[in-house]
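Below: protein-v8.pdb (PDB, C-alpha atoms)
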MODEL        1
ATOM      1  CA  MET A 337    -147.671  18.395 136.093
ATOM      2  CA  ASP A 338    -144.628  19.008 138.272
ATOM      3  CA  HIS A 339    -142.692  21.964 136.828
ATOM      4  CA  ARG A 340    -139.758  21.653 139.222
ATOM      5  CA  SER A 341    -136.388  20.667 137.850
ATOM      6  CA  GLN A 342    -135.256  17.132 138.404
ATOM      7  CA  GLY A 343    -132.370  18.195 140.693
ATOM      8  CA  GLU A 344    -134.593  20.290 142.930
ATOM      9  CA  GLU A 345    -135.699  18.564 146.092
ATOM     10  CA  THR A 346    -138.894  19.228 147.915
ATOM     11  CA  ARG A 347    -138.248  20.756 151.342
ATOM     12  CA  GLU A 348    -140.881  19.911 153.880
ATOM     13  CA  PRO A 349    -141.495  22.512 156.606
ATOM     14  CA  ILE A 350    -139.941  21.410 159.855
ATOM     15  CA  PHE A 351    -140.654  24.341 162.179
ATOM     16  CA  ARG A 352    -143.639  26.589 162.504
ATOM     17  CA  SER A 353    -141.457  29.554 161.676
ATOM     18  CA  ASP A 354    -140.864  28.034 158.239
ATOM     19  CA  LEU A 355    -144.533  28.551 157.500
ATOM     20  CA  GLU A 356    -144.952  31.953 159.175
ATOM     21  CA  GLY A 357    -141.795  33.576 157.857
ATOM     22  CA  PRO A 358    -139.370  35.720 159.890
ATOM     23  CA  ARG A 359    -140.839  37.346 162.951
ATOM     24  CA  PRO A 360    -140.562  41.106 163.297
ATOM     25  CA  GLU A 361    -138.058  42.449 165.800
ATOM     26  CA  PRO A 362    -139.711  43.238 169.148
ATOM     27  CA  ARG A 363    -140.007  46.950 169.810
ATOM     28  CA  TYR A 364    -139.686  48.518 173.222
ATOM     29  CA  GLU A 365    -142.014  51.387 173.888
ATOM     30  CA  PRO A 366    -140.820  53.458 176.867
ATOM     31  CA  LEU A 367    -143.387  54.484 179.430
ATOM     32  CA  ARG A 368    -142.157  58.074 179.067
ATOM     33  CA  PRO A 369    -141.200  58.773 175.446
ATOM     34  CA  GLU A 370    -137.810  60.302 174.823
ATOM     35  CA  GLY A 371    -137.549  63.666 173.154
ATOM     36  CA  GLY A 372    -139.823  66.644 173.442
ATOM     37  CA  LEU A 373    -140.325  68.710 176.566
ATOM     38  CA  TRP A 374    -139.444  65.944 179.031
ATOM     39  CA  SER A 375    -136.080  65.367 177.369
ATOM     40  CA  VAL A 376    -135.260  69.081 177.580
ATOM     41  CA  ILE A 377    -136.290  69.315 181.228
ATOM     42  CA  LYS A 378    -134.331  66.195 182.150
ATOM     43  CA  ARG A 379    -131.210  67.432 180.381
ATOM     44  CA  TRP A 380    -131.266  70.731 182.282
ATOM     45  CA  LEU A 381    -132.500  69.634 185.684
ATOM     46  CA  ALA A 382    -130.344  66.533 186.156
ATOM     47  CA  PRO A 383    -127.032  68.391 186.584
ATOM     48  CA  LEU A 384    -128.739  71.188 188.519
ATOM     49  CA  ALA A 385    -130.250  68.688 190.939
ATOM     50  CA  ALA A 386    -126.862  67.048 191.431
ATOM     51  CA  VAL A 387    -125.261  70.408 192.200
ATOM     52  CA  GLY A 388    -128.062  71.260 194.619
ATOM     53  CA  ILE A 389    -127.609  67.982 196.499
ATOM     54  CA  LEU A 390    -123.866  68.533 196.774
ATOM     55  CA  LEU A 391    -124.317  72.089 198.049
ATOM     56  CA  ALA A 392    -126.845  70.940 200.630
ATOM     57  CA  LYS A 393    -124.663  68.037 201.754
ATOM     58  CA  PHE A 394    -121.476  70.059 202.021
ATOM     59  CA  LYS A 395    -122.924  73.409 203.088
ATOM     60  CA  GLY A 396    -120.255  73.897 205.742
ATOM     61  CA  LEU A 397    -117.492  73.347 203.215
ATOM     62  CA  ALA A 398    -119.104  75.831 200.826
ATOM     63  CA  LEU A 399    -119.212  78.495 203.554
ATOM     64  CA  LEU A 400    -115.573  77.827 204.400
ATOM     65  CA  LEU A 401    -114.537  78.233 200.767
ATOM     66  CA  LEU A 402    -116.294  81.596 200.651
ATOM     67  CA  LYS A 403    -114.045  82.811 203.467
ATOM     68  CA  VAL A 404    -110.800  81.484 201.984
ATOM     69  CA  LYS A 405    -110.847  83.534 198.791
ATOM     70  CA  PHE A 406    -108.073  82.211 196.604
ATOM     71  CA  LEU A 407    -108.393  78.619 197.786
ATOM     72  CA  GLY A 408    -112.132  78.647 197.183
ATOM     73  CA  THR A 409    -111.740  80.085 193.691
ATOM     74  CA  ALA A 410    -109.032  77.592 192.725
ATOM     75  CA  LEU A 411    -110.862  74.549 194.060
ATOM     76  CA  THR A 412    -114.212  75.470 192.546
ATOM     77  CA  MET A 413    -112.511  76.188 189.223
ATOM     78  CA  LEU A 414    -110.991  72.700 189.246
ATOM     79  CA  VAL A 415    -114.336  71.130 190.107
ATOM     80  CA  SER A 416    -116.009  73.043 187.279
ATOM     81  CA  ILE A 417    -113.326  71.996 184.809
ATOM     82  CA  GLY A 418    -113.903  68.384 185.786
ATOM     83  CA  ALA A 419    -117.657  68.768 185.398
ATOM     84  CA  TYR A 420    -117.461  70.421 181.979
ATOM     85  CA  ALA A 421    -114.906  67.818 180.879
ATOM     86  CA  LEU A 422    -117.660  65.225 181.215
ATOM     87  CA  LEU A 423    -119.424  66.922 178.302
ATOM     88  CA  PHE A 424    -116.610  68.552 176.323
ATOM     89  CA  PRO A 425    -112.935  67.932 175.512
ATOM     90  CA  LEU A 426    -110.610  68.818 178.382
ATOM     91  CA  TRP A 427    -109.047  71.934 176.877
ATOM     92  CA  PHE A 428    -112.456  73.233 175.868
ATOM     93  CA  ALA A 429    -113.570  72.753 179.485
ATOM     94  CA  VAL A 430    -110.510  74.673 180.680
ATOM     95  CA  GLY A 431    -111.279  77.486 178.248
ATOM     96  CA  ILE A 432    -114.892  77.684 179.424
ATOM     97  CA  VAL A 433    -113.848  78.145 183.041
ATOM     98  CA  VAL A 434    -111.144  80.695 182.185
ATOM     99  CA  LEU A 435    -113.609  82.798 180.184
ATOM    100  CA  ILE A 436    -116.166  82.656 182.987
ATOM    101  CA  TRP A 437    -113.406  83.801 185.350
ATOM    102  CA  VAL A 438    -112.655  86.763 183.064
ATOM    103  CA  HIS A 439    -116.335  87.713 183.154
ATOM    104  CA  GLU A 440    -116.470  87.511 186.940
ATOM    105  CA  MET A 441    -113.295  89.554 187.306
ATOM    106  CA  GLY A 442    -115.121  92.388 185.590
ATOM    107  CA  HIS A 443    -117.502  92.417 188.549
ATOM    108  CA  VAL A 444    -114.634  92.145 191.038
ATOM    109  CA  VAL A 445    -112.751  95.104 189.556
ATOM    110  CA  GLN A 446    -115.842  97.315 189.464
ATOM    111  CA  LEU A 447    -116.849  96.342 192.997
ATOM    112  CA  ARG A 448    -113.447  97.475 194.215
ATOM    113  CA  ARG A 449    -113.831 100.737 192.328
ATOM    114  CA  GLU A 450    -117.186 101.254 194.013
ATOM    115  CA  GLY A 451    -115.659 100.477 197.422
ATOM    116  CA  ILE A 452    -117.923  97.472 197.959
ATOM    117  CA  PRO A 453    -116.390  94.483 199.782
ATOM    118  CA  ALA A 454    -117.086  91.196 198.048
ATOM    119  CA  SER A 455    -115.944  87.601 197.842
ATOM    120  CA  ALA A 456    -113.659  86.171 195.204
ATOM    121  CA  PRO A 457    -115.358  84.409 192.276
ATOM    122  CA  MET A 458    -116.876  81.065 193.238
ATOM    123  CA  PHE A 459    -117.701  78.545 190.512
ATOM    124  CA  ILE A 460    -120.739  76.276 190.370
ATOM    125  CA  PRO A 461    -120.670  73.584 187.663
ATOM    126  CA  PHE A 462    -123.243  74.137 184.897
ATOM    127  CA  LEU A 463    -124.403  77.385 186.528
ATOM    128  CA  GLY A 464    -121.312  79.528 185.953
ATOM    129  CA  ALA A 465    -119.938  81.500 188.888
ATOM    130  CA  PHE A 466    -120.840  84.303 191.253
ATOM    131  CA  VAL A 467    -119.293  87.066 193.335
ATOM    132  CA  ALA A 468    -121.034  87.650 196.659
ATOM    133  CA  MET A 469    -121.419  91.329 197.573
ATOM    134  CA  LYS A 470    -121.144  91.981 201.311
ATOM    135  CA  GLN A 471    -123.197  95.148 201.039
ATOM    136  CA  MET A 472    -125.503  96.731 198.495
ATOM    137  CA  PRO A 473    -124.228  99.497 196.195
ATOM    138  CA  LYS A 474    -125.105 103.065 197.147
ATOM    139  CA  ASP A 475    -127.656 103.411 194.349
ATOM    140  CA  ALA A 476    -129.044 101.711 191.253
ATOM    141  CA  MET A 477    -126.459 103.397 189.029
ATOM    142  CA  ALA A 478    -123.575 101.845 190.957
ATOM    143  CA  GLU A 479    -125.324  98.478 190.816
ATOM    144  CA  ALA A 480    -125.755  98.821 187.056
ATOM    145  CA  ARG A 481    -122.054  99.594 186.640
ATOM    146  CA  VAL A 482    -121.174  96.468 188.621
ATOM    147  CA  GLY A 483    -123.630  94.365 186.635
ATOM    148  CA  LEU A 484    -122.494  95.581 183.218
ATOM    149  CA  ALA A 485    -118.781  95.319 184.025
ATOM    150  CA  GLY A 486    -118.951  91.527 183.770
ATOM    151  CA  PRO A 487    -120.365  91.368 180.226
ATOM    152  CA  VAL A 488    -118.059  94.196 179.113
ATOM    153  CA  LEU A 489    -114.892  92.405 180.229
ATOM    154  CA  GLY A 490    -116.383  89.088 179.143
ATOM    155  CA  THR A 491    -116.923  90.455 175.641
ATOM    156  CA  LEU A 492    -113.304  91.602 175.521
ATOM    157  CA  GLY A 493    -112.239  88.122 176.603
ATOM    158  CA  GLY A 494    -114.280  86.637 173.779
ATOM    159  CA  LEU A 495    -112.708  89.022 171.265
ATOM    160  CA  ALA A 496    -109.256  87.990 172.495
ATOM    161  CA  THR A 497    -110.233  84.345 172.003
ATOM    162  CA  LEU A 498    -111.482  85.170 168.524
ATOM    163  CA  GLY A 499    -108.134  86.834 167.859
ATOM    164  CA  LEU A 500    -106.346  83.624 168.851
ATOM    165  CA  TYR A 501    -108.492  81.770 166.338
ATOM    166  CA  ALA A 502    -107.535  84.273 163.631
ATOM    167  CA  LEU A 503    -103.836  83.795 164.445
ATOM    168  CA  THR A 504    -103.790  80.016 164.808
ATOM    169  CA  GLY A 505    -106.779  78.758 162.841
ATOM    170  CA  ASP A 506    -107.510  76.393 165.738
ATOM    171  CA  GLN A 507    -111.233  75.618 165.762
ATOM    172  CA  LEU A 508    -111.090  75.244 169.542
ATOM    173  CA  PHE A 509    -110.764  79.008 169.944
ATOM    174  CA  LEU A 510    -113.675  79.627 167.595
ATOM    175  CA  GLY A 511    -115.880  77.337 169.668
ATOM    176  CA  LEU A 512    -114.779  79.039 172.884
ATOM    177  CA  ALA A 513    -115.464  82.475 171.421
ATOM    178  CA  TYR A 514    -118.985  81.411 170.451
ATOM    179  CA  PHE A 515    -119.614  79.926 173.884
ATOM    180  CA  ASN A 516    -118.308  83.085 175.544
ATOM    181  CA  PHE A 517    -120.453  85.438 173.488
ATOM    182  CA  ILE A 518    -123.641  83.470 174.013
ATOM    183  CA  ILE A 519    -123.044  83.156 177.778
ATOM    184  CA  ASN A 520    -122.466  86.892 178.138
ATOM    185  CA  LEU A 521    -125.560  87.547 176.048
ATOM    186  CA  PHE A 522    -127.528  85.189 178.271
ATOM    187  CA  ASN A 523    -126.346  87.106 181.341
ATOM    188  CA  LEU A 524    -127.901  90.279 179.951
ATOM    189  CA  ALA A 525    -131.411  88.862 180.288
ATOM    190  CA  PRO A 526    -133.423  91.418 182.330
ATOM    191  CA  LEU A 527    -133.809  89.061 185.247
ATOM    192  CA  LEU A 528    -132.415  89.105 188.767
ATOM    193  CA  PRO A 529    -129.890  87.850 189.795
ATOM    194  CA  LEU A 530    -128.399  88.043 186.284
ATOM    195  CA  ASP A 531    -126.332  91.039 185.197
ATOM    196  CA  GLY A 532    -129.085  92.312 182.934
ATOM    197  CA  GLY A 533    -131.515  92.403 185.844
ATOM    198  CA  ARG A 534    -129.144  94.656 187.778
ATOM    199  CA  ALA A 535    -128.684  96.916 184.772
ATOM    200  CA  VAL A 536    -132.341  97.453 183.852
ATOM    201  CA  GLY A 537    -133.145  98.373 187.453
ATOM    202  CA  ALA A 538    -131.279 101.638 186.884
ATOM    203  CA  MET A 539    -133.641 102.447 184.025
ATOM    204  CA  SER A 540    -136.745 101.472 186.002
ATOM    205  CA  PRO A 541    -137.613  98.726 188.530
ATOM    206  CA  VAL A 542    -140.607  97.959 186.330
ATOM    207  CA  PHE A 543    -138.254  96.386 183.784
ATOM    208  CA  GLN A 544    -137.157  93.850 186.396
ATOM    209  CA  VAL A 545    -140.752  92.736 186.909
ATOM    210  CA  LEU A 546    -141.405  92.601 183.168
ATOM    211  CA  GLY A 547    -138.232  90.585 182.746
ATOM    212  CA  LEU A 548    -139.465  88.054 185.286
ATOM    213  CA  VAL A 549    -142.780  87.664 183.453
ATOM    214  CA  VAL A 550    -141.079  87.219 180.078
ATOM    215  CA  MET A 551    -138.541  84.711 181.378
ATOM    216  CA  VAL A 552    -141.205  82.577 183.059
ATOM    217  CA  ALA A 553    -143.178  82.654 179.807
ATOM    218  CA  LEU A 554    -140.107  81.241 178.048
ATOM    219  CA  PHE A 555    -140.101  78.153 180.281
ATOM    220  CA  PHE A 556    -141.037  75.801 177.439
ATOM    221  CA  VAL A 557    -138.218  77.191 175.287
ATOM    222  CA  ALA A 558    -135.488  77.426 177.933
ATOM    223  CA  PRO A 559    -136.392  75.792 181.273
ATOM    224  CA  ILE A 560    -133.208  77.177 182.827
ATOM    225  CA  MET A 561    -134.728  80.669 182.684
ATOM    226  CA  ALA A 562    -137.584  79.637 184.965
ATOM    227  CA  PHE A 563    -135.070  78.120 187.382
ATOM    228  CA  ILE A 564    -133.093  81.378 187.493
ATOM    229  CA  ALA A 565    -136.313  83.345 187.882
ATOM    230  CA  LEU A 566    -137.108  81.329 191.001
ATOM    231  CA  LEU A 567    -133.642  82.069 192.393
ATOM    232  CA  GLY A 568    -134.122  85.803 191.957
ATOM    233  CA  LEU A 569    -137.755  85.944 193.046
ATOM    234  CA  PRO A 570    -137.111  86.656 196.772
ATOM    235  CA  GLU A 571    -134.778  89.561 195.977
ATOM    236  CA  LEU A 572    -137.178  90.957 193.387
ATOM    237  CA  TRP A 573    -140.101  90.725 195.819
ATOM    238  CA  HIS A 574    -138.121  92.540 198.520
ATOM    239  CA  ARG A 575    -137.155  95.321 196.130
ATOM    240  CA  TRP A 576    -140.704  95.715 194.877
ATOM    241  CA  LYS A 577    -142.109  95.940 198.403
ATOM    242  CA  THR A 578    -139.587  98.591 199.457
ATOM    243  CA  ARG A 579    -139.611 100.648 196.257
ATOM    244  CA  ASN A 580    -141.835 103.353 197.788
ATOM    245  CA  THR A 581    -139.962 103.618 201.075
ATOM    246  CA  PRO A 582    -137.601 106.588 201.526
ATOM    247  CA  GLU A 583    -134.616 104.282 201.082
ATOM    248  CA  GLY A 584    -136.111 102.633 198.013
ATOM    249  CA  ARG A 585    -136.927 105.937 196.343
ATOM    250  CA  ALA A 586    -133.449 107.281 197.038
ATOM    251  CA  TYR A 587    -131.879 104.113 195.630
ATOM    252  CA  TYR A 588    -133.679 104.394 192.285
ATOM    253  CA  ASP A 589    -133.767 108.200 192.063
ATOM    254  CA  LEU A 590    -131.379 108.753 189.159
ATOM    255  CA  PRO A 591    -131.039 111.625 186.685
ATOM    256  CA  LEU A 592    -132.458 110.979 183.231
ATOM    257  CA  ARG A 593    -129.017 111.137 181.618
ATOM    258  CA  GLN A 594    -127.804 108.265 183.793
ATOM    259  CA  ARG A 595    -130.840 106.160 182.918
ATOM    260  CA  VAL A 596    -130.260 106.833 179.226
ATOM    261  CA  ALA A 597    -126.548 106.029 179.541
ATOM    262  CA  VAL A 598    -127.307 102.663 181.134
ATOM    263  CA  GLY A 599    -129.870 101.919 178.434
ATOM    264  CA  VAL A 600    -127.419 102.747 175.647
ATOM    265  CA  VAL A 601    -124.677 100.535 177.104
ATOM    266  CA  TYR A 602    -127.124  97.727 177.869
ATOM    267  CA  LEU A 603    -128.740  97.655 174.435
ATOM    268  CA  GLY A 604    -125.382  98.208 172.752
ATOM    269  CA  LEU A 605    -123.929  95.161 174.481
ATOM    270  CA  ILE A 606    -126.918  93.062 173.428
ATOM    271  CA  LEU A 607    -126.490  94.189 169.817
ATOM    272  CA  VAL A 608    -122.728  93.576 169.731
ATOM    273  CA  LEU A 609    -122.945  90.197 171.442
ATOM    274  CA  GLY A 610    -125.809  89.150 169.194
ATOM    275  CA  LEU A 611    -123.766  89.954 166.093
ATOM    276  CA  LEU A 612    -120.668  88.218 167.462
ATOM    277  CA  THR A 613    -122.680  85.141 168.404
ATOM    278  CA  GLY A 614    -124.031  84.905 164.878
ATOM    279  CA  ALA A 615    -120.592  85.477 163.356
ATOM    280  CA  THR A 616    -118.950  82.681 165.355
ATOM    281  CA  PHE A 617    -121.755  80.134 165.068
ATOM    282  CA  VAL A 618    -120.611  76.818 163.569
ATOM    283  CA  PRO A 619    -123.448  74.654 162.169
ATOM    284  CA  ASP A 620    -121.402  71.452 162.550
ATOM    285  CA  PRO A 621    -120.139  71.043 166.150
ATOM    286  CA  GLU A 622    -117.883  68.146 165.079
ATOM    287  CA  ALA A 623    -115.765  70.660 163.186
ATOM    288  CA  LEU A 624    -114.632  72.071 166.525
ATOM    289  CA  GLN A 625    -113.208  68.780 167.769
TER     290      GLN A 625
ENDMDL
END

If you convert what's in this file into structure tokens, what do you get?
Amino acid sequence: MDHRSQGEETREPIFRSDLEGPRPEPRYEPLRPEGGLWSVIKRWLAPLAAVGILLAKFKGLALLLLKVKFLGTALTMLVSIGAYALLFPLWFAVGIVVLIWVHEMGHVVQLRREGIPASAPMFIPFLGAFVAMKQMPKDAMAEARVGLAGPVLGTLGGLATLGLYALTGDQLFLGLAYFNFIINLFNLAPLLPLDGGRAVGAMSPVFQVLGLVVMVALFFVAPIMAFIALLGLPELWHRWKTRNTPEGRAYYDLPLRQRVAVGVVYLGLILVLGLLTGATFVPDPEALQ
């Protein structure tokens, strides 16, 4: 018996798809899956590789900028602002570069106090900036003072930015303060050529070697640390080879009170910056836009 209603017509299948039903959407499986370790490495190394190619291609221009202090600083600041603006809003990019400049000026001021000739700050997109010393400090204590001066002034710059947030309520300043604190904390890693590597050398050169081992071990967590470790490896190897020479012993021969003083300032900065980083952390980055 046909149970269909009289008005219902029988529809004969016309296409094969009418019998098989809708086909599933095709899925593309990449040869190299996204996410995981490869995604982290690619995210870090892509901009670094681009910067390396540019430096190699325009090496002569880079050397010229080192000689023309103010011009080199201004131009490299503009380039860095443009690079950071590819990832962040423009004014956030400007704030990043200004805060890095404040950090570097801490080194510049202390180098002048130590009587050490040096270049003006030179900026490298995604790597920060550097001040090139034209001669080594007289001893490890002077080097530690130069190294710690950057994070000290950088921390003050971050506190000033945090003060602007308290006055205006603008989330931009809160984001900049967080970025500043975490960058200065990062610079205190006990690894040459970072500021922390120069500081711990005053306590003992052994800490510089231990710092290298720890940072390389953290490759899978932060690949950038392994990259920085490779940059500082030649200098660390030279220092380790010459540590028992008369010059090397004189360089690291410091009174116990000076070693303790460096340790107190170094660990104190890590503690303060760690607390400030936690206090300014915003779980939702969109709130800063």

Ground truth for the PyMOL selection byres ((chain A and resi 413) around 10), written as a list of chain:residue names: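 Checked against the file, the PyMOL selection byres ((chain A and resi 413) around 10) matches A:Leu407, A:Gly408, A:Thr409, A:Ala410, A:Leu411, A:Thr412, A:Leu414, A:Val415, A:Ser416, A:Ile417, A:Gly418, A:Ala419, A:Val430, A:Val433, A:Val434, A:Ile436, A:Trp437, A:Pro457, A:Met458, A:Phe459, A:Ile460, A:Pro461, A:Gly464, A:Ala465.
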
Export of prior selection with C-alpha atoms as a PDB file, in the coordinates of the input:
ATOM      1  CA  LEU A 407    -108.393  78.619 197.786  1.00  0.00           C
ATOM      2  CA  GLY A 408    -112.132  78.647 197.183  1.00  0.00           C
ATOM      3  CA  THR A 409    -111.740  80.085 193.691  1.00  0.00           C
ATOM      4  CA  ALA A 410    -109.032  77.592 192.725  1.00  0.00           C
ATOM      5  CA  LEU A 411    -110.862  74.549 194.060  1.00  0.00           C
ATOM      6  CA  THR A 412    -114.212  75.470 192.546  1.00  0.00           C
ATOM      7  CA  LEU A 414    -110.991  72.700 189.246  1.00  0.00           C
ATOM      8  CA  VAL A 415    -114.336  71.130 190.107  1.00  0.00           C
ATOM      9  CA  SER A 416    -116.009  73.043 187.279  1.00  0.00           C
ATOM     10  CA  ILE A 417    -113.326  71.996 184.809  1.00  0.00           C
ATOM     11  CA  GLY A 418    -113.903  68.384 185.786  1.00  0.00           C
ATOM     12  CA  ALA A 419    -117.657  68.768 185.398  1.00  0.00           C
ATOM     13  CA  VAL A 430    -110.510  74.673 180.680  1.00  0.00           C
ATOM     14  CA  VAL A 433    -113.848  78.145 183.041  1.00  0.00           C
ATOM     15  CA  VAL A 434    -111.144  80.695 182.185  1.00  0.00           C
ATOM     16  CA  ILE A 436    -116.166  82.656 182.987  1.00  0.00           C
ATOM     17  CA  TRP A 437    -113.406  83.801 185.350  1.00  0.00           C
ATOM     18  CA  PRO A 457    -115.358  84.409 192.276  1.00  0.00           C
ATOM     19  CA  MET A 458    -116.876  81.065 193.238  1.00  0.00           C
ATOM     20  CA  PHE A 459    -117.701  78.545 190.512  1.00  0.00           C
ATOM     21  CA  ILE A 460    -120.739  76.276 190.370  1.00  0.00           C
ATOM     22  CA  PRO A 461    -120.670  73.584 187.663  1.00  0.00           C
ATOM     23  CA  GLY A 464    -121.312  79.528 185.953  1.00  0.00           C
ATOM     24  CA  ALA A 465    -119.938  81.500 188.888  1.00  0.00           C
TER      25      ALA A 465
END

Answer key for the PyMOL selection byres ((chain A and resi 614-617) around 8), residues as a list in words: Leu510, Gly511, Ala513, Tyr514, Gly610, Leu611, Leu612, Thr613, Val618 and Pro619 of chain A

Nearby residues (only C-alpha atoms) at most 7 Å from range 546-548 of chain A, same-chain spacing under 2 positions excluded, as an MDAnalysis selection string: chainID A and resid 526:527 542:544 550:552 565

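CA of Val608 in chain A is positioned 16.9 Å from CA of Leu512 in chain A.
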
Computed interatomic separation between CA of Met539 in chain A and CA of Arg585 in chain A (Å):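 Between CA of Met539 in chain A and CA of Arg585 in chain A the gap works out to 13.2 Å.
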
Add whatever atoms are absent from range 435-451 of chain A to reach N, CA, C and O atoms, and provide the output as a PDB file, keeping the file's coordinate frame.
ATOM      1  N   LEU A 435    -112.801  81.695 180.701  1.00  0.00           N
ATOM      2  CA  LEU A 435    -113.609  82.798 180.184  1.00  0.00           C
ATOM      3  C   LEU A 435    -114.674  83.231 181.189  1.00  0.00           C
ATOM      4  O   LEU A 435    -114.985  84.424 181.298  1.00  0.00           O
ATOM      5  N   ILE A 436    -115.226  82.283 181.923  1.00  0.00           N
ATOM      6  CA  ILE A 436    -116.166  82.656 182.987  1.00  0.00           C
ATOM      7  C   ILE A 436    -115.439  83.461 184.060  1.00  0.00           C
ATOM      8  O   ILE A 436    -115.975  84.439 184.599  1.00  0.00           O
ATOM      9  N   TRP A 437    -114.210  83.058 184.368  1.00  0.00           N
ATOM     10  CA  TRP A 437    -113.406  83.801 185.350  1.00  0.00           C
ATOM     11  C   TRP A 437    -113.156  85.234 184.881  1.00  0.00           C
ATOM     12  O   TRP A 437    -113.236  86.180 185.678  1.00  0.00           O
ATOM     13  N   VAL A 438    -112.861  85.412 183.606  1.00  0.00           N
ATOM     14  CA  VAL A 438    -112.655  86.763 183.064  1.00  0.00           C
ATOM     15  C   VAL A 438    -113.918  87.600 183.259  1.00  0.00           C
ATOM     16  O   VAL A 438    -113.853  88.768 183.678  1.00  0.00           O
ATOM     17  N   HIS A 439    -115.056  87.019 182.957  1.00  0.00           N
ATOM     18  CA  HIS A 439    -116.335  87.713 183.154  1.00  0.00           C
ATOM     19  C   HIS A 439    -116.508  88.136 184.613  1.00  0.00           C
ATOM     20  O   HIS A 439    -116.844  89.293 184.906  1.00  0.00           O
ATOM     21  N   GLU A 440    -116.277  87.212 185.522  1.00  0.00           N
ATOM     22  CA  GLU A 440    -116.470  87.511 186.940  1.00  0.00           C
ATOM     23  C   GLU A 440    -115.474  88.549 187.443  1.00  0.00           C
ATOM     24  O   GLU A 440    -115.797  89.346 188.331  1.00  0.00           O
ATOM     25  N   MET A 441    -114.278  88.557 186.883  1.00  0.00           N
ATOM     26  CA  MET A 441    -113.295  89.554 187.306  1.00  0.00           C
ATOM     27  C   MET A 441    -113.725  90.960 186.920  1.00  0.00           C
ATOM     28  O   MET A 441    -113.319  91.937 187.549  1.00  0.00           O
ATOM     29  N   GLY A 442    -114.550  91.081 185.897  1.00  0.00           N
ATOM     30  CA  GLY A 442    -115.121  92.388 185.590  1.00  0.00           C
ATOM     31  C   GLY A 442    -115.943  92.909 186.755  1.00  0.00           C
ATOM     32  O   GLY A 442    -115.859  94.091 187.121  1.00  0.00           O
ATOM     33  N   HIS A 443    -116.732  92.027 187.365  1.00  0.00           N
ATOM     34  CA  HIS A 443    -117.502  92.417 188.549  1.00  0.00           C
ATOM     35  C   HIS A 443    -116.576  92.760 189.717  1.00  0.00           C
ATOM     36  O   HIS A 443    -116.798  93.743 190.431  1.00  0.00           O
ATOM     37  N   VAL A 444    -115.547  91.936 189.911  1.00  0.00           N
ATOM     38  CA  VAL A 444    -114.634  92.145 191.038  1.00  0.00           C
ATOM     39  C   VAL A 444    -113.948  93.504 190.932  1.00  0.00           C
ATOM     40  O   VAL A 444    -113.872  94.264 191.912  1.00  0.00           O
ATOM     41  N   VAL A 445    -113.450  93.827 189.751  1.00  0.00           N
ATOM     42  CA  VAL A 445    -112.751  95.104 189.556  1.00  0.00           C
ATOM     43  C   VAL A 445    -113.690  96.277 189.818  1.00  0.00           C
ATOM     44  O   VAL A 445    -113.334  97.243 190.510  1.00  0.00           O
ATOM     45  N   GLN A 446    -114.911  96.205 189.282  1.00  0.00           N
ATOM     46  CA  GLN A 446    -115.842  97.315 189.464  1.00  0.00           C
ATOM     47  C   GLN A 446    -116.310  97.421 190.913  1.00  0.00           C
ATOM     48  O   GLN A 446    -116.512  98.529 191.425  1.00  0.00           O
ATOM     49  N   LEU A 447    -116.478  96.303 191.582  1.00  0.00           N
ATOM     50  CA  LEU A 447    -116.849  96.342 192.997  1.00  0.00           C
ATOM     51  C   LEU A 447    -115.776  97.047 193.816  1.00  0.00           C
ATOM     52  O   LEU A 447    -116.084  97.829 194.732  1.00  0.00           O
ATOM     53  N   ARG A 448    -114.528  96.793 193.503  1.00  0.00           N
ATOM     54  CA  ARG A 448    -113.447  97.475 194.215  1.00  0.00           C
ATOM     55  C   ARG A 448    -113.459  98.967 193.911  1.00  0.00           C
ATOM     56  O   ARG A 448    -113.209  99.795 194.792  1.00  0.00           O
ATOM     57  N   ARG A 449    -113.753  99.315 192.676  1.00  0.00           N
ATOM     58  CA  ARG A 449    -113.831 100.737 192.328  1.00  0.00           C
ATOM     59  C   ARG A 449    -114.975 101.431 193.058  1.00  0.00           C
ATOM     60  O   ARG A 449    -114.890 102.615 193.379  1.00  0.00           O
ATOM     61  N   GLU A 450    -116.042 100.689 193.298  1.00  0.00           N
ATOM     62  CA  GLU A 450    -117.186 101.254 194.013  1.00  0.00           C
ATOM     63  C   GLU A 450    -116.986 101.224 195.526  1.00  0.00           C
ATOM     64  O   GLU A 450    -117.810 101.763 196.272  1.00  0.00           O
ATOM     65  N   GLY A 451    -115.905 100.580 195.986  1.00  0.00           N
ATOM     66  CA  GLY A 451    -115.659 100.477 197.422  1.00  0.00           C
ATOM     67  C   GLY A 451    -116.564  99.488 198.126  1.00  0.00           C
ATOM     68  O   GLY A 451    -116.847  99.634 199.323  1.00  0.00           O
TER      69      GLY A 451
END
